[in-house]
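Asks: Structure file run-v3.txt (compact mmCIF, C-alpha atoms) is given on the next line.
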# COMPACT_ATOMS: atom_id res chain seq x y z
CA ARG A 12 52.35 -36.18 -7.65
CA PRO A 13 50.49 -38.30 -5.07
CA ALA A 14 47.63 -36.77 -3.12
CA ALA A 15 48.45 -35.80 0.47
CA GLY A 16 48.01 -38.58 3.00
CA LEU A 17 48.43 -41.47 0.55
CA ASN A 18 50.92 -44.14 1.48
CA LEU A 19 52.74 -45.45 -1.59
CA PHE A 20 54.94 -48.50 -1.87
CA VAL A 21 58.02 -48.75 -4.10
CA ILE A 22 58.71 -52.24 -5.44
CA GLN A 23 61.59 -52.64 -7.90
CA GLY A 24 61.40 -48.94 -8.79
CA VAL A 25 57.64 -49.00 -9.50
CA ILE A 26 55.32 -46.97 -7.30
CA GLU A 27 52.42 -49.11 -6.09
CA MET A 28 49.08 -47.67 -5.04
CA SER A 29 46.59 -49.91 -3.25
CA PHE A 30 43.05 -50.54 -4.43
CA GLU A 31 41.85 -48.64 -1.34
CA GLN A 32 43.95 -45.62 -2.29
CA ILE A 33 42.59 -45.71 -5.85
CA ARG A 34 39.06 -45.87 -4.42
CA LEU A 35 39.73 -42.82 -2.24
CA ARG A 36 41.38 -40.82 -5.01
CA PHE A 37 39.19 -41.73 -8.00
CA GLY A 38 35.97 -42.85 -6.30
CA ARG A 39 36.14 -46.20 -8.14
CA SER A 40 36.25 -49.59 -6.39
CA PHE A 41 38.27 -52.48 -7.85
CA HIS A 42 39.47 -55.87 -6.63
CA ARG A 43 42.08 -58.25 -8.01
CA GLY A 44 40.28 -60.78 -10.23
CA ASP A 45 37.38 -58.47 -11.20
CA ARG A 46 36.22 -58.94 -14.79
CA VAL A 47 36.23 -55.57 -16.51
CA VAL A 48 35.81 -53.73 -19.79
CA CYS A 49 38.30 -51.04 -20.81
CA GLU A 50 38.16 -49.33 -24.20
CA GLY A 51 35.75 -52.03 -25.40
CA ARG A 52 38.06 -54.91 -24.47
CA LEU A 53 37.34 -57.58 -21.84
CA GLY A 54 39.96 -58.33 -19.21
CA THR A 55 40.78 -59.17 -15.60
CA ILE A 56 42.22 -56.85 -12.92
CA THR A 57 45.63 -58.09 -11.78
CA GLY A 58 46.84 -55.25 -9.54
CA THR A 59 47.78 -51.59 -9.43
CA THR A 60 50.63 -49.38 -10.59
CA TYR A 61 50.33 -45.78 -9.43
CA PRO A 62 47.92 -44.34 -10.42
CA HIS A 63 46.63 -47.07 -12.75
CA VAL A 64 44.73 -50.32 -12.46
CA ARG A 65 46.52 -53.18 -14.22
CA VAL A 66 44.33 -55.21 -16.59
CA ARG A 67 45.22 -58.46 -18.38
CA PHE A 68 43.07 -58.42 -21.51
CA ASP A 69 41.61 -61.68 -22.72
CA GLY A 70 44.04 -63.59 -24.92
CA ARG A 71 47.09 -61.78 -23.47
CA GLN A 72 49.63 -62.97 -20.89
CA ILE A 73 50.85 -59.59 -19.61
CA SER A 74 48.74 -56.96 -17.86
CA VAL A 75 48.84 -53.31 -18.86
CA PRO A 76 48.13 -50.11 -16.89
CA CYS A 77 44.69 -48.57 -17.48
CA ASP A 78 43.17 -45.32 -16.26
CA PRO A 79 40.75 -46.16 -13.40
CA CYS A 80 38.18 -43.80 -14.94
CA GLU A 81 38.12 -45.90 -18.13
CA VAL A 82 37.77 -49.31 -16.43
CA HIS A 83 34.23 -50.63 -15.89
CA VAL A 84 33.63 -53.60 -13.58
CA GLY A 85 31.18 -56.24 -14.73
CA ALA A 86 30.11 -54.25 -17.77
CA ALA A 87 29.57 -55.88 -21.13
CA PRO A 88 30.89 -54.15 -24.23
CA LYS A 89 28.26 -52.17 -26.07
CA ILE A 90 27.63 -53.78 -29.43
CA ALA A 91 25.30 -52.20 -31.94
CA PRO A 92 22.44 -54.55 -32.85
CA SER A 93 22.81 -56.02 -36.30
CA ALA A 94 20.09 -55.81 -38.89
CA PRO A 95 18.01 -58.98 -39.27
CA GLU A 96 18.91 -61.24 -42.17
CA PRO A 97 16.47 -60.92 -45.09
CA GLN A 98 14.45 -64.07 -45.68
CA ASN A 99 13.96 -65.39 -49.20
CA SER A 100 10.59 -67.04 -49.81
Starting from the file, lay out its structure as structure tokens.
Replies:
Amino acid sequence: RPAAGLNLFVIQGVIEMSFEQIRLRFGRSFHRGDRVVCEGRLGTITGTTYPHVRVRFDGRQISVPCDPCEVHVGAAPKIAPSAPEPQNS
């Protein structure tokens, strides 16, 4: 159920929530075109679908809804450092 005072838009049966409304509700700021990381995967923000941010992951053509709390703008995925290669002398 939407928080009181939020204006929602219905387009083709899908409830839309603006980036501003997501910022007010979740305290997270997003913009269309932002490069993001979600669940360790890189992608681009394409829009919103209440109450999610839509992300098109690299290598995919269709965006998917993601929880705003799990989307990180401009973050690089955390990769564990690999052990150095042993050198043979």
Asks: In Å to one decimal, how far is atom CA of A:Gly38 from atom CA of A:Arg71?
Replies: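 Between these atoms lies a distance of 27.9 Å.
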Asks: Near stretch 39-46 of chain A, within 8 Å and counting all atoms listed in the file, which residues show up once chain neighbours fewer than 5 positions away are dropped, as a PyMOL selection string?
Replies: chain A and resi 30-31+33-34+53-58+79-80+84-85
Asks: Can you work out which one of A:Val64, A:Asn99, A:Leu35, A:Glu81 has the shortest atom-to-atom distance to A:Gly51, counting only C-alpha atoms?
Replies: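 Smallest distance to A:Gly51 is found for A:Glu81.
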Asks: Just to confirm, what's the straight-line distance from atom CA of A:Val47 to atom CA of A:Ser29 in Å (one decimal)?
Replies: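 Computing it gives 17.8 Å between the two atoms.
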Asks: Kindly give the distance, in Å, that separates atom CA of A:Pro76 and atom CA of A:Glu50, rounded to a single decimal.
Replies: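 Atom CA of A:Glu50 lies 12.4 Å from atom CA of A:Pro76.
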Asks: So which one's closest to A:Thr60, A:Arg36, A:Cys77, A:His83, A:Gln72? Using all atoms listed in the file, please.
Replies: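 Ranking A:Arg36, A:Cys77, A:His83, A:Gln72 by distance to A:Thr60, first place goes to A:Cys77.
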Asks: Taking all atoms listed in the file into account, name the residue in A:Cys49, A:Pro62, A:Arg67, A:Gln32 that is nearest to A:Val82.
Replies: A:Cys49
